[in-house]
$ cat data_5.cif   # mmCIF, C-alpha atoms
data_protein
loop_
_atom_site.group_PDB
_atom_site.id
_atom_site.type_symbol
_atom_site.label_atom_id
_atom_site.label_comp_id
_atom_site.auth_asym_id
_atom_site.auth_seq_id
_atom_site.Cartn_x
_atom_site.Cartn_y
_atom_site.Cartn_z
ATOM 1 C CA MET A 4 -25.929 2.766 41.180
ATOM 2 C CA TYR A 5 -24.148 4.588 38.365
ATOM 3 C CA VAL A 6 -20.420 4.885 37.909
ATOM 4 C CA GLU A 7 -19.093 7.812 35.943
ATOM 5 C CA ALA A 8 -16.642 6.732 33.261
ATOM 6 C CA LYS A 9 -14.149 8.882 31.464
ATOM 7 C CA VAL A 10 -13.108 8.089 27.924
ATOM 8 C CA TYR A 11 -9.671 9.272 26.921
ATOM 9 C CA ARG A 12 -8.914 9.612 23.252
ATOM 10 C CA THR A 13 -5.412 9.024 21.974
ATOM 11 C CA ARG A 14 -3.952 10.135 18.696
ATOM 12 C CA ARG A 15 -2.550 6.673 18.043
ATOM 13 C CA ALA A 16 -4.560 4.706 15.472
ATOM 14 C CA GLY A 17 -3.280 1.273 16.480
ATOM 15 C CA GLU A 18 -1.073 -0.847 18.657
ATOM 16 C CA ARG A 19 2.572 0.225 19.015
ATOM 17 C CA PHE A 20 5.278 -2.340 18.197
ATOM 18 C CA ASP A 21 8.844 -2.109 19.510
ATOM 19 C CA THR A 22 11.445 -2.946 16.883
ATOM 20 C CA GLU A 23 15.023 -2.279 15.873
ATOM 21 C CA ALA A 24 14.398 -2.067 12.126
ATOM 22 C CA ARG A 25 17.200 -0.619 10.039
ATOM 23 C CA SER A 26 15.796 1.973 7.671
ATOM 24 C CA THR A 27 16.707 4.621 5.143
ATOM 25 C CA LEU A 28 15.355 8.151 5.434
ATOM 26 C CA ARG A 29 15.100 10.186 2.239
ATOM 27 C CA SER A 30 14.111 13.824 2.092
ATOM 28 C CA GLY A 31 14.164 16.321 -0.727
ATOM 29 C CA ALA A 32 16.885 18.428 0.882
ATOM 30 C CA SER A 33 19.577 15.868 1.705
ATOM 31 C CA ALA A 34 21.205 12.578 0.790
ATOM 32 C CA PRO A 35 19.726 9.323 2.158
ATOM 33 C CA ILE A 36 20.348 8.809 5.874
ATOM 34 C CA ASP A 37 20.588 5.474 7.692
ATOM 35 C CA VAL A 38 18.225 5.461 10.696
ATOM 36 C CA VAL A 39 16.691 2.927 13.086
ATOM 37 C CA VAL A 40 12.936 2.647 13.605
ATOM 38 C CA ASP A 41 12.487 1.686 17.261
ATOM 39 C CA GLN A 42 8.669 1.956 17.471
ATOM 40 C CA VAL A 43 6.024 1.604 14.793
ATOM 41 C CA SER A 44 2.218 1.663 14.678
ATOM 42 C CA ARG A 45 -0.406 1.884 11.934
ATOM 43 C CA SER A 46 -0.339 5.664 12.079
ATOM 44 C CA GLY A 47 3.372 6.397 12.473
ATOM 45 C CA CYS A 48 6.770 5.567 13.879
ATOM 46 C CA HIS A 49 9.694 6.864 15.913
ATOM 47 C CA ILE A 50 13.085 7.039 14.223
ATOM 48 C CA VAL A 51 16.432 7.215 16.001
ATOM 49 C CA THR A 52 19.081 9.370 14.331
ATOM 50 C CA ALA A 53 21.670 11.976 15.209
ATOM 51 C CA GLU A 54 21.094 13.790 11.903
ATOM 52 C CA THR A 55 18.909 16.901 11.734
ATOM 53 C CA VAL A 56 15.501 16.696 10.106
ATOM 54 C CA ASP A 57 13.039 19.596 9.955
ATOM 55 C CA VAL A 58 9.758 19.208 11.832
ATOM 56 C CA GLY A 59 6.927 19.555 9.293
ATOM 57 C CA GLU A 60 8.983 18.003 6.483
ATOM 58 C CA ILE A 61 7.582 15.142 4.409
ATOM 59 C CA ILE A 62 10.075 12.278 4.204
ATOM 60 C CA THR A 63 10.227 8.804 2.699
ATOM 61 C CA LEU A 64 11.241 5.885 4.905
ATOM 62 C CA GLY A 65 12.430 2.558 3.542
ATOM 63 C CA ILE A 66 11.769 0.191 6.448
ATOM 64 C CA ALA A 67 13.101 -3.375 6.378
ATOM 65 C CA GLY A 68 10.207 -5.824 6.253
ATOM 66 C CA LEU A 69 7.596 -3.117 5.677
ATOM 67 C CA GLY A 70 8.565 -1.235 2.549
ATOM 68 C CA ARG A 71 8.653 2.372 1.452
ATOM 69 C CA VAL A 72 6.271 4.749 3.205
ATOM 70 C CA GLU A 73 5.827 8.518 3.196
ATOM 71 C CA ALA A 74 5.671 10.229 6.556
ATOM 72 C CA LEU A 75 5.407 13.692 8.064
ATOM 73 C CA VAL A 76 7.907 14.592 10.788
ATOM 74 C CA VAL A 77 5.661 15.808 13.624
ATOM 75 C CA ARG A 78 7.979 16.166 16.635
ATOM 76 C CA ARG A 79 11.564 16.045 17.813
ATOM 77 C CA THR A 80 12.489 13.768 20.722
ATOM 78 C CA PRO A 81 15.762 13.476 22.661
ATOM 79 C CA SER A 82 16.780 10.412 20.613
ATOM 80 C CA GLY A 83 15.229 11.183 17.228
ATOM 81 C CA TYR A 84 11.931 12.127 15.592
ATOM 82 C CA GLY A 85 8.270 11.134 15.723
ATOM 83 C CA CYS A 86 6.692 10.669 12.311
ATOM 84 C CA ALA A 87 3.085 10.259 11.164
ATOM 85 C CA PHE A 88 2.497 8.102 8.100
ATOM 86 C CA ILE A 89 0.699 9.885 5.255
ATOM 87 C CA SER A 90 -1.568 6.821 4.863
ATOM 88 C CA HIS A 91 -2.132 4.126 7.461
ATOM 89 C CA VAL A 92 -0.151 0.895 7.147
ATOM 90 C CA PRO A 93 -2.070 -2.399 7.419
ATOM 91 C CA GLU A 94 -1.538 -3.976 10.833
ATOM 92 C CA SER A 95 -0.721 -7.328 9.212
ATOM 93 C CA LEU A 96 2.419 -5.765 7.704
ATOM 94 C CA LEU A 97 3.552 -4.274 11.017
ATOM 95 C CA ARG A 98 4.389 -7.732 12.333
ATOM 96 C CA GLU A 99 7.012 -8.049 9.570
ATOM 97 C CA VAL A 100 8.900 -4.871 10.514
ATOM 98 C CA GLY A 101 12.540 -5.599 11.177
ATOM 99 C CA VAL A 102 12.578 -8.818 9.177
ATOM 100 C CA GLU A 103 15.652 -8.791 6.965
ATOM 101 C CA SER A 104 14.146 -8.461 3.514
ATOM 102 C CA PRO A 105 14.387 -6.101 0.560
ATOM 103 C CA VAL A 106 12.400 -2.917 0.878
ATOM 104 C CA LEU A 107 9.104 -3.252 -0.958
ATOM 105 C CA ALA A 108 6.952 -0.370 -2.106
ATOM 106 C CA ILE A 109 3.563 -0.028 -0.438
ATOM 107 C CA GLY A 110 0.785 1.519 -2.437
ATOM 108 C CA ALA A 111 -0.851 1.355 -5.817
ATOM 109 C CA GLU A 112 2.377 1.094 -7.808
ATOM 110 C CA ALA A 113 3.432 -2.227 -6.278
ATOM 111 C CA ARG A 114 1.136 -4.726 -4.666
ATOM 112 C CA ARG A 115 2.220 -7.793 -2.761
ATOM 113 C CA SER A 116 1.137 -11.022 -4.379
ATOM 114 C CA VAL A 117 0.475 -14.085 -2.324
ATOM 115 C CA TYR A 118 0.968 -17.431 -4.014
ATOM 116 C CA ASP A 119 -0.707 -20.410 -2.421
ATOM 117 C CA PRO A 120 0.352 -23.659 -4.116
ATOM 118 C CA GLU A 121 -2.578 -25.536 -2.579
ATOM 119 C CA ILE A 122 -5.209 -23.530 -4.460
ATOM 120 C CA GLU A 123 -5.953 -24.803 -7.936
ATOM 121 C CA PRO A 124 -6.096 -22.147 -10.666
ATOM 122 C CA PRO A 125 -9.572 -21.696 -12.148
ATOM 123 C CA ASP A 126 -10.390 -23.828 -15.163
ATOM 124 C CA ILE A 127 -11.027 -21.472 -18.077
ATOM 125 C CA GLU A 128 -12.906 -22.943 -20.980
ATOM 126 C CA LYS A 129 -12.632 -21.235 -24.368
ATOM 127 C CA TYR A 130 -15.273 -21.378 -27.047
ATOM 128 C CA PRO A 131 -14.404 -23.526 -30.050
ATOM 129 C CA VAL A 132 -12.518 -21.828 -32.914
ATOM 130 C CA ARG A 133 -15.563 -22.049 -35.204
ATOM 131 C CA THR A 134 -17.788 -20.232 -32.682
ATOM 132 C CA ARG A 135 -15.209 -17.480 -32.115
ATOM 133 C CA PHE A 136 -14.816 -17.020 -35.899
ATOM 134 C CA LEU A 137 -18.601 -16.749 -36.420
ATOM 135 C CA VAL A 138 -18.916 -14.156 -33.621
ATOM 136 C CA ILE A 139 -16.157 -11.994 -35.151
ATOM 137 C CA VAL A 140 -17.629 -12.228 -38.659
ATOM 138 C CA GLY A 141 -21.120 -11.470 -37.284
ATOM 139 C CA PHE A 142 -19.904 -8.295 -35.561
ATOM 140 C CA CYS A 143 -18.100 -7.180 -38.734
ATOM 141 C CA VAL A 144 -21.226 -7.705 -40.872
ATOM 142 C CA LEU A 145 -23.378 -5.903 -38.278
ATOM 143 C CA SER A 146 -20.937 -2.960 -38.264
ATOM 144 C CA TRP A 147 -21.046 -2.655 -42.053
ATOM 145 C CA ILE A 148 -24.855 -2.783 -42.029
ATOM 146 C CA CYS A 149 -24.911 0.095 -39.516
ATOM 147 C CA ILE A 150 -22.457 2.147 -41.601
ATOM 148 C CA ILE A 151 -24.370 1.568 -44.857
ATOM 149 C CA SER A 152 -27.757 2.379 -43.278
ATOM 150 C CA PHE A 153 -26.308 5.586 -41.747
ATOM 151 C CA ILE A 154 -24.974 6.678 -45.146
ATOM 152 C CA ALA A 155 -28.327 5.841 -46.782
ATOM 153 C CA MET A 156 -30.137 8.121 -44.318
ATOM 154 C CA ILE A 157 -28.011 11.097 -45.288
#

$ encode --input "data_5.cif" --output "structure tokens"
Amino acid sequence: MYVEAKVYRTRRAGERFDTEARSTLRSGASAPIDVVVDQVSRSGCHIVTAETVDVGEIITLGIAGLGRVEALVVRRTPSGYGCAFISHVPESLLREVGVESPVLAIGAEARRSVYDPEIEPPDIEKYPVRTRFLVIVGFCVLSWICIISFIAMI
């Protein structure tokens, strides 16, 4: 006996989290606007604001606990706007949305560093001074030999 199954695809890339995160919306056309992010997922968010934002506009959102992300305004809702993030946000960071903390940049320009005091730093052993000196002198002599032999060939 076979049962026919239907698979429905959704546009959402991850789980949706309800939040009341205070945020700052910045666009090229206006001054920063205070907004509230009431839903967030890996692929986007919903912002609540009475201000007017153009659908299709690329904006920057500074979200408490998450950081600064670029988003595209994709639709207008009765209470605000639906936005799609330009790049997906790691799901581990979504759990921190709404936590009162300074806004941190997400991306290549600023990475989060995690310090674990229980992990010992690696033990780096340097060569003795005499060995390092001999290696440097050896490379200098080798370079001069190459230069002199090149000149002699000309």

$ resolve_selection --input "data_5.cif" --expression "the PyMOL selection byres ((chain A and resi 31-40) around 10)" --output "PyMOL selection string"
chain A and resi 21-30+41-43+48-54+56-57+60-67+83-85+100-101

$ atom_distance --input "data_5.cif" --atom1 "atom CA of A:Glu18" --atom2 "atom CA of A:Ile89"
17.3 Å

$ atom_distance --input "data_5.cif" --atom1 "atom CA of A:Val58" --atom2 "atom CA of A:Ser82"
14.3 Å

$ atom_distance --input "data_5.cif" --atom1 "atom CA of A:Arg45" --atom2 "atom CA of A:Ala74"
11.6 Å
